[in-house]
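Notes to accompany the following structure.
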Amino acid sequence: MTDRPTLTTTAGAPVPDNQNSITAGPRGGLMIQDYQLIEKLAHQNRERIPERVVHAKGWGAFGTLTITGDISRYTKAKCLQPGASTPMLARFSTVAGELGAADHERDVRGFALKFYTEDGNWDLVGNNTPVFFVRDPYKFPDFIHTQKRHPKTNMRSSTAMWDFWSLSPESLHQVTILMSDRGLPIDPMHMNGYGSHTYSLWNGNGERFWVKFHFKTQQGHKHYVNQEAETIIGRTREGYQEALFGTIENGQFPTWKVQVQVMTEAQAQQTSYNPFDLTKVWPHSEFPPIDIGTMELNRNAENYFAEIEQAAFSPSNIVPGISHSPDKMLQARIFSYADAHRYRLGTHYEQIPVNKPKCPVHHYNRDGQMNTYGGILSGNPDAYYEPNSVNGPVEEPSAKEPPLKIEGEMGRFNHRDGNDDYGQVRALFNLFDAGEKSRLFSNIAAAMGGVPGHIVERQLAHFKLVHPDYEAGVRTALKSAHGYEADTISAKATAAE
Ligand code: NDP
């Protein structure tokens, strides 16, 4: 007799023997009727789902969003009212590496948040930087191709990265942050998060305001230089998982101060930059951050695969009082994130417990992969179409957001025309002290190893437009790292472009 649970098949039948196959005699001849063995092997074959095309390697934990500030004049969102406390999930990630990549690689970090509000799930799928490499979604798949493996060599290509970046000056802001100290945080707790995109808030009077979300680490910023990261990767490829999991397991709960920047619709007409451009920040002096609360992570997942690998974040998940903006990258992500989850998790991926809202869910979508509701998604088996006379779920007009004012003719507008890709990078460069500048130069030089001269010169020309010291610093670092001498033919051609 034992008080341990009985091992069963997935159908619940007791398993008599988990050590010995059914064979014709002790010397072998497997019997296909050993369905327990077949089930076990078949399950093993199916233990993997497609890894995310981007942000494959991640680390996550659960926590709480607590609102202490008062922005009720801007939003009716219940989860943003003073005193609100909302359970949440965070998943941090690198962008380019695959599922088995080392954690301590220089890369942008994903900072994806899911808030389980009483009005449905609100997801904020940002990064640890306030900007991004591209501003038009046409360029996103191309950009990601440059970060992934070359189709022939199956290796990552510095040439492809710098070729693309040097031909896309809107990337300069993000490239500068990536190559600065903040491009290599020591772990997920010691970095900020940003919603990055411009979203909107709307209140009960039908007024809309544009908003940026910021999550400021209360652990302080801490970064490694490349050589320190190389040493750590030599010891462990899972440094972020060890740090985040271990810290929370030890009862030390990391926190972030939550802030918003708010812009009126009228102000958005006046800014010198496009406030919906993902390569730009809103300067703090113009739009001061407002403290609204704290995010704390305080619980590890019980099962990493079920709760973190299957976590599905999408900017399409908004709740009344919070909405989108004309940011083109955001609009594209509203489609592509939910689409990625339908592909890798199944049509009804929001029925997986980690993705399931903690409020009642009623809709008329029907069958398909992962439907575990048993066919009564509307809450009433006769209500499988709408409109109906059988008391099926109906719309809630108070959830209707104010109309989005859109002006202008429809067309394809050159997003690089008249766009200043250098001013905000200069503001950042001027914030760096001498040590930060020197590390920026050497990180760029290290990343440019093996890149052809004409591409290097094209990129150096962009650095020069930010600040002559930026170009000169990188050029000196290139000479010391690789013996690089000015490619005068390419430099002349670049200057003439
Ligand atoms: P401010 O001087 O008012 O703000 C500077 C902000 O830059 C800081 O609050 C901090 O953001 C961030 N910052 C400070 N030091 C560094 C550093 N060494 N590396 C990276 N970021 C740093 O000026 P602006 O608001 O006009 O911004 C100037 C530049 O700072 C921008 O062009 C942008 O590159 C960068 N920045 C701006 C942010 C914004 O939302 N305005 C946010 C982050 C960076 P934080 O408090 O978020 O850590």
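Residues in the structure tokens are numbered from 1 in each chain, the chains being A, B, ... in the order shown, and ligands are numbered from 1 in the order shown.
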What residues have any atom no more than 6 Å from ligand 1 when counting only C-alpha atoms and all ligand atoms, and can you list them as number ranges by chain?
-> A: 130, 281-285, 424-425, 427-428, 431-432
Store the residues picked out above in a file with N, CA and C atoms, as a PDB file, in the first residue's frame.
```pdb
ATOM      1  N   PRO A 130      12.801  52.545 -25.847  1.00  0.00           N
ATOM      2  CA  PRO A 130      11.574  53.276 -26.189  1.00  0.00           C
ATOM      3  C   PRO A 130      11.323  53.379 -27.689  1.00  0.00           C
ATOM      4  N   VAL A 281      11.185  59.204 -29.613  1.00  0.00           N
ATOM      5  CA  VAL A 281      10.608  59.322 -28.265  1.00  0.00           C
ATOM      6  C   VAL A 281       9.869  60.649 -28.176  1.00  0.00           C
ATOM      7  N   TRP A 282       9.089  60.790 -27.125  1.00  0.00           N
ATOM      8  CA  TRP A 282       8.531  62.104 -26.774  1.00  0.00           C
ATOM      9  C   TRP A 282       9.467  62.689 -25.719  1.00  0.00           C
ATOM     10  N   PRO A 283      10.157  63.787 -26.008  1.00  0.00           N
ATOM     11  CA  PRO A 283      11.102  64.326 -25.017  1.00  0.00           C
ATOM     12  C   PRO A 283      10.415  64.581 -23.675  1.00  0.00           C
ATOM     13  N   HIS A 284      11.116  64.204 -22.616  1.00  0.00           N
ATOM     14  CA  HIS A 284      10.544  64.363 -21.269  1.00  0.00           C
ATOM     15  C   HIS A 284      10.247  65.822 -20.955  1.00  0.00           C
ATOM     16  N   SER A 285      11.079  66.736 -21.487  1.00  0.00           N
ATOM     17  CA  SER A 285      10.864  68.157 -21.175  1.00  0.00           C
ATOM     18  C   SER A 285       9.529  68.637 -21.752  1.00  0.00           C
ATOM     19  N   GLN A 424      17.261  63.200 -32.427  1.00  0.00           N
ATOM     20  CA  GLN A 424      17.041  62.510 -31.143  1.00  0.00           C
ATOM     21  C   GLN A 424      18.218  61.602 -30.802  1.00  0.00           C
ATOM     22  N   VAL A 425      18.892  61.094 -31.824  1.00  0.00           N
ATOM     23  CA  VAL A 425      20.098  60.279 -31.555  1.00  0.00           C
ATOM     24  C   VAL A 425      21.179  61.190 -30.964  1.00  0.00           C
ATOM     25  N   ALA A 427      20.640  63.859 -29.174  1.00  0.00           N
ATOM     26  CA  ALA A 427      20.259  64.128 -27.770  1.00  0.00           C
ATOM     27  C   ALA A 427      20.717  62.985 -26.873  1.00  0.00           C
ATOM     28  N   LEU A 428      20.608  61.772 -27.363  1.00  0.00           N
ATOM     29  CA  LEU A 428      21.042  60.604 -26.583  1.00  0.00           C
ATOM     30  C   LEU A 428      22.568  60.578 -26.475  1.00  0.00           C
ATOM     31  N   LEU A 431      23.950  62.685 -23.949  1.00  0.00           N
ATOM     32  CA  LEU A 431      23.732  62.244 -22.553  1.00  0.00           C
ATOM     33  C   LEU A 431      24.857  61.333 -22.070  1.00  0.00           C
ATOM     34  N   PHE A 432      25.535  60.662 -23.011  1.00  0.00           N
ATOM     35  CA  PHE A 432      26.557  59.679 -22.631  1.00  0.00           C
ATOM     36  C   PHE A 432      27.800  60.391 -22.083  1.00  0.00           C
TER      37      PHE A 432
END
```
Please provide as a short mmCIF file (atom, residue, chain, number, x, y, z; two decimals) with C-alpha atoms, in the first residue's frame all residues within 8 Å of Thr94 in chain A, with the sequence filter that same-chain residues fewer than 4 positions apart are discarded (counting only C-alpha atoms).
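Writing the result to result-v4.cif gives the following:
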```cif
data_model
loop_
_atom_site.label_atom_id
_atom_site.label_comp_id
_atom_site.auth_asym_id
_atom_site.auth_seq_id
_atom_site.Cartn_x
_atom_site.Cartn_y
_atom_site.Cartn_z
CA HIS A 55 11.64 36.64 -29.26
CA ALA A 56 12.08 32.85 -29.04
CA LYS A 57 14.25 32.83 -25.89
CA GLY A 58 12.35 34.18 -22.90
CA ASP A 103 20.79 34.82 -22.49
CA GLU A 105 23.82 38.32 -25.91
CA ASP A 107 20.27 42.42 -28.28
CA VAL A 108 17.10 44.37 -27.64
CA ARG A 109 15.04 42.73 -24.87
CA GLY A 110 11.33 42.09 -25.25
#
```
Got a sec: who's within 10 Å of Asn300 in chain A, counting only C-alpha atoms, leaving out chain neighbours fewer than 2 positions off, as number ranges by chain?
-> A: 59-63, 89, 244-249, 297-298, 302-304, 307-308
When DSSP works through the backbone of this structure, what residues of range 147-257 of chain A end up as alpha helix (DSSP H), shown as a PyMOL selection string?
-> chain A and resi 147+158-166+172-179+226-235+239-249
Pick out the residues sitting within 10 Å of Pro353 in chain A, and hand them over as a PyMOL selection string; count only C-alpha atoms, and ignore anything fewer than 5 positions along from it in its own chain.
-> chain A and resi 306-307+310-311+358
Residue contacts of Phe132 in chain A (10 Å, only C-alpha atoms) excluding same-chain residues fewer than 6 positions away, as a ChimeraX atom specification = /A:108,126,170-175,177,196-197,277-280,329
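Here CA of Val451 in chain A stands at a distance of 6.3 Å from CA of Ser158 in chain A.
All residues within range 276-351 of chain A that the backbone DSSP calculation assigns to strand (DSSP E) are Ile290, Asp291, Ile292, Gly293, Thr294, Met295, Glu296, Leu297, Asn298, Arg299, Ile322 and Ser323 of chain A.
Nearest-residue note for Met295 in chain A: choosing from A:Phe441, A:Trp210, A:Tyr484, A:Phe215, the minimum distance belongs to A:Phe215, counting only C-alpha atoms.
Closest approach to Ser314 in chain A among A:Ala481, A:Arg299, A:Ile406, A:Glu350 is made by A:Glu350 (distances from only C-alpha atoms).
Distance-wise, CA of Asn414 in chain A and CA of Pro326 in chain A end up 16.1 Å apart.
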Do you know which residues are at most 10 Å from Phe143 in chain A counting only C-alpha atoms, after dropping those on the same chain fewer than 3 positions away, and could you put them as a list in words?
-> Phe133, Val134, Pro137, Tyr138, Lys139, Phe140, Thr146, Gln147, Lys148, Ala160, Met161, Phe164, Trp165, Ser168 and Ser171 of chain A
Output N, CA and C atoms for every residue in the selection just made, as a short mmCIF file (atom, residue, chain, number, x, y, z; two decimals), in the first residue's frame.
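again16.cif written:
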```cif
data_model
loop_
_atom_site.label_atom_id
_atom_site.label_comp_id
_atom_site.auth_asym_id
_atom_site.auth_seq_id
_atom_site.Cartn_x
_atom_site.Cartn_y
_atom_site.Cartn_z
N PHE A 133 13.84 49.74 -34.68
CA PHE A 133 14.73 49.89 -35.83
C PHE A 133 14.03 50.43 -37.07
N VAL A 134 12.75 50.14 -37.22
CA VAL A 134 12.03 50.55 -38.43
C VAL A 134 10.72 51.20 -38.04
N PRO A 137 5.93 48.89 -41.32
CA PRO A 137 5.91 47.43 -41.18
C PRO A 137 6.36 46.68 -42.42
N TYR A 138 6.40 47.34 -43.59
CA TYR A 138 6.94 46.67 -44.77
C TYR A 138 8.38 46.23 -44.52
N LYS A 139 9.08 46.96 -43.64
CA LYS A 139 10.50 46.69 -43.42
C LYS A 139 10.74 45.68 -42.30
N PHE A 140 9.70 45.29 -41.56
CA PHE A 140 9.93 44.41 -40.41
C PHE A 140 10.45 43.03 -40.82
N THR A 146 17.71 40.05 -41.53
CA THR A 146 19.12 40.40 -41.35
C THR A 146 19.65 39.96 -39.98
N GLN A 147 18.75 39.74 -39.05
CA GLN A 147 19.17 39.33 -37.70
C GLN A 147 19.28 37.81 -37.59
N LYS A 148 18.66 37.11 -38.54
CA LYS A 148 18.62 35.65 -38.49
C LYS A 148 19.74 35.07 -39.36
N ALA A 160 24.96 41.64 -43.50
CA ALA A 160 23.53 41.88 -43.77
C ALA A 160 22.98 42.92 -42.80
N MET A 161 23.37 42.80 -41.52
CA MET A 161 22.84 43.75 -40.52
C MET A 161 23.22 45.18 -40.87
N PHE A 164 21.67 46.58 -44.16
CA PHE A 164 20.28 47.03 -43.97
C PHE A 164 20.24 48.32 -43.15
N TRP A 165 20.97 48.34 -42.02
CA TRP A 165 20.92 49.52 -41.14
C TRP A 165 21.43 50.76 -41.88
N SER A 168 18.96 52.22 -44.02
CA SER A 168 17.70 52.56 -43.33
C SER A 168 18.03 53.49 -42.16
N SER A 171 16.92 53.51 -38.47
CA SER A 171 17.37 52.52 -37.48
C SER A 171 18.41 53.08 -36.50
#
```
Who sits within 10 Å of Gly220 in chain A, only C-alpha atoms, same chain under 3 positions skipped, as a ChimeraX atom specification | /A:189-192,216-217,223,256
Next, the residues of the selection above should be written as a compact mmCIF listing (two decimals), in the first residue's frame with all heavy atoms.
```
# COMPACT_ATOMS: atom_id res chain seq x y z
N MET A 189 15.76 42.10 -14.40
CA MET A 189 15.33 43.01 -13.31
C MET A 189 16.00 44.37 -13.41
O MET A 189 15.48 45.34 -12.86
CB MET A 189 15.67 42.40 -11.94
CG MET A 189 14.77 41.29 -11.50
SD MET A 189 15.37 39.70 -12.04
CE MET A 189 16.73 39.38 -10.95
N HIS A 190 17.16 44.44 -14.06
CA HIS A 190 17.93 45.68 -14.06
C HIS A 190 17.81 46.43 -15.37
O HIS A 190 18.80 46.93 -15.92
CB HIS A 190 19.39 45.37 -13.72
CG HIS A 190 19.57 44.90 -12.30
ND1 HIS A 190 19.47 43.58 -11.95
CD2 HIS A 190 19.76 45.59 -11.14
CE1 HIS A 190 19.64 43.47 -10.64
NE2 HIS A 190 19.81 44.66 -10.13
N MET A 191 16.63 46.44 -15.91
CA MET A 191 16.39 47.21 -17.14
C MET A 191 14.98 47.80 -17.10
O MET A 191 14.10 47.29 -16.40
CB MET A 191 16.56 46.33 -18.39
CG MET A 191 15.55 45.20 -18.48
SD MET A 191 15.91 44.09 -19.87
CE MET A 191 14.35 43.19 -19.97
N ASN A 192 14.80 48.87 -17.84
CA ASN A 192 13.47 49.47 -17.98
C ASN A 192 12.65 48.71 -19.02
O ASN A 192 13.20 47.99 -19.86
CB ASN A 192 13.59 50.91 -18.51
CG ASN A 192 14.04 51.89 -17.45
OD1 ASN A 192 14.11 51.56 -16.27
ND2 ASN A 192 14.35 53.10 -17.88
N LYS A 216 9.98 51.80 -15.08
CA LYS A 216 11.34 52.14 -14.65
C LYS A 216 11.83 51.17 -13.58
O LYS A 216 11.21 51.08 -12.51
CB LYS A 216 11.39 53.57 -14.10
CG LYS A 216 10.92 54.64 -15.10
CD LYS A 216 11.98 54.89 -16.15
CE LYS A 216 11.52 55.87 -17.21
NZ LYS A 216 11.32 57.22 -16.72
N THR A 217 12.92 50.50 -13.88
CA THR A 217 13.45 49.52 -12.92
C THR A 217 13.77 50.19 -11.58
O THR A 217 14.37 51.27 -11.54
CB THR A 217 14.71 48.82 -13.45
OG1 THR A 217 15.25 48.00 -12.40
CG2 THR A 217 15.79 49.80 -13.91
N HIS A 223 24.56 46.79 -16.32
CA HIS A 223 24.89 46.22 -17.63
C HIS A 223 26.23 45.52 -17.57
O HIS A 223 27.05 45.80 -16.70
CB HIS A 223 24.99 47.35 -18.68
CG HIS A 223 23.91 48.36 -18.55
ND1 HIS A 223 24.13 49.62 -18.05
CD2 HIS A 223 22.60 48.27 -18.80
CE1 HIS A 223 22.99 50.28 -18.01
NE2 HIS A 223 22.04 49.49 -18.46
N TRP A 256 9.01 47.75 -10.67
CA TRP A 256 9.21 48.80 -11.66
C TRP A 256 8.21 49.94 -11.36
O TRP A 256 7.03 49.66 -11.07
CB TRP A 256 8.93 48.29 -13.08
CG TRP A 256 10.00 47.43 -13.64
CD1 TRP A 256 10.96 47.80 -14.54
CD2 TRP A 256 10.24 46.02 -13.39
NE1 TRP A 256 11.79 46.72 -14.83
CE2 TRP A 256 11.37 45.62 -14.13
CE3 TRP A 256 9.62 45.07 -12.59
CZ2 TRP A 256 11.87 44.33 -14.11
CZ3 TRP A 256 10.11 43.77 -12.55
CH2 TRP A 256 11.23 43.41 -13.31
```
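Counting only C-alpha atoms, the residue from A:Thr236, A:Ser389, A:Gln351, A:Gln259 that sits nearest to Tyr373 in chain A is A:Gln351.
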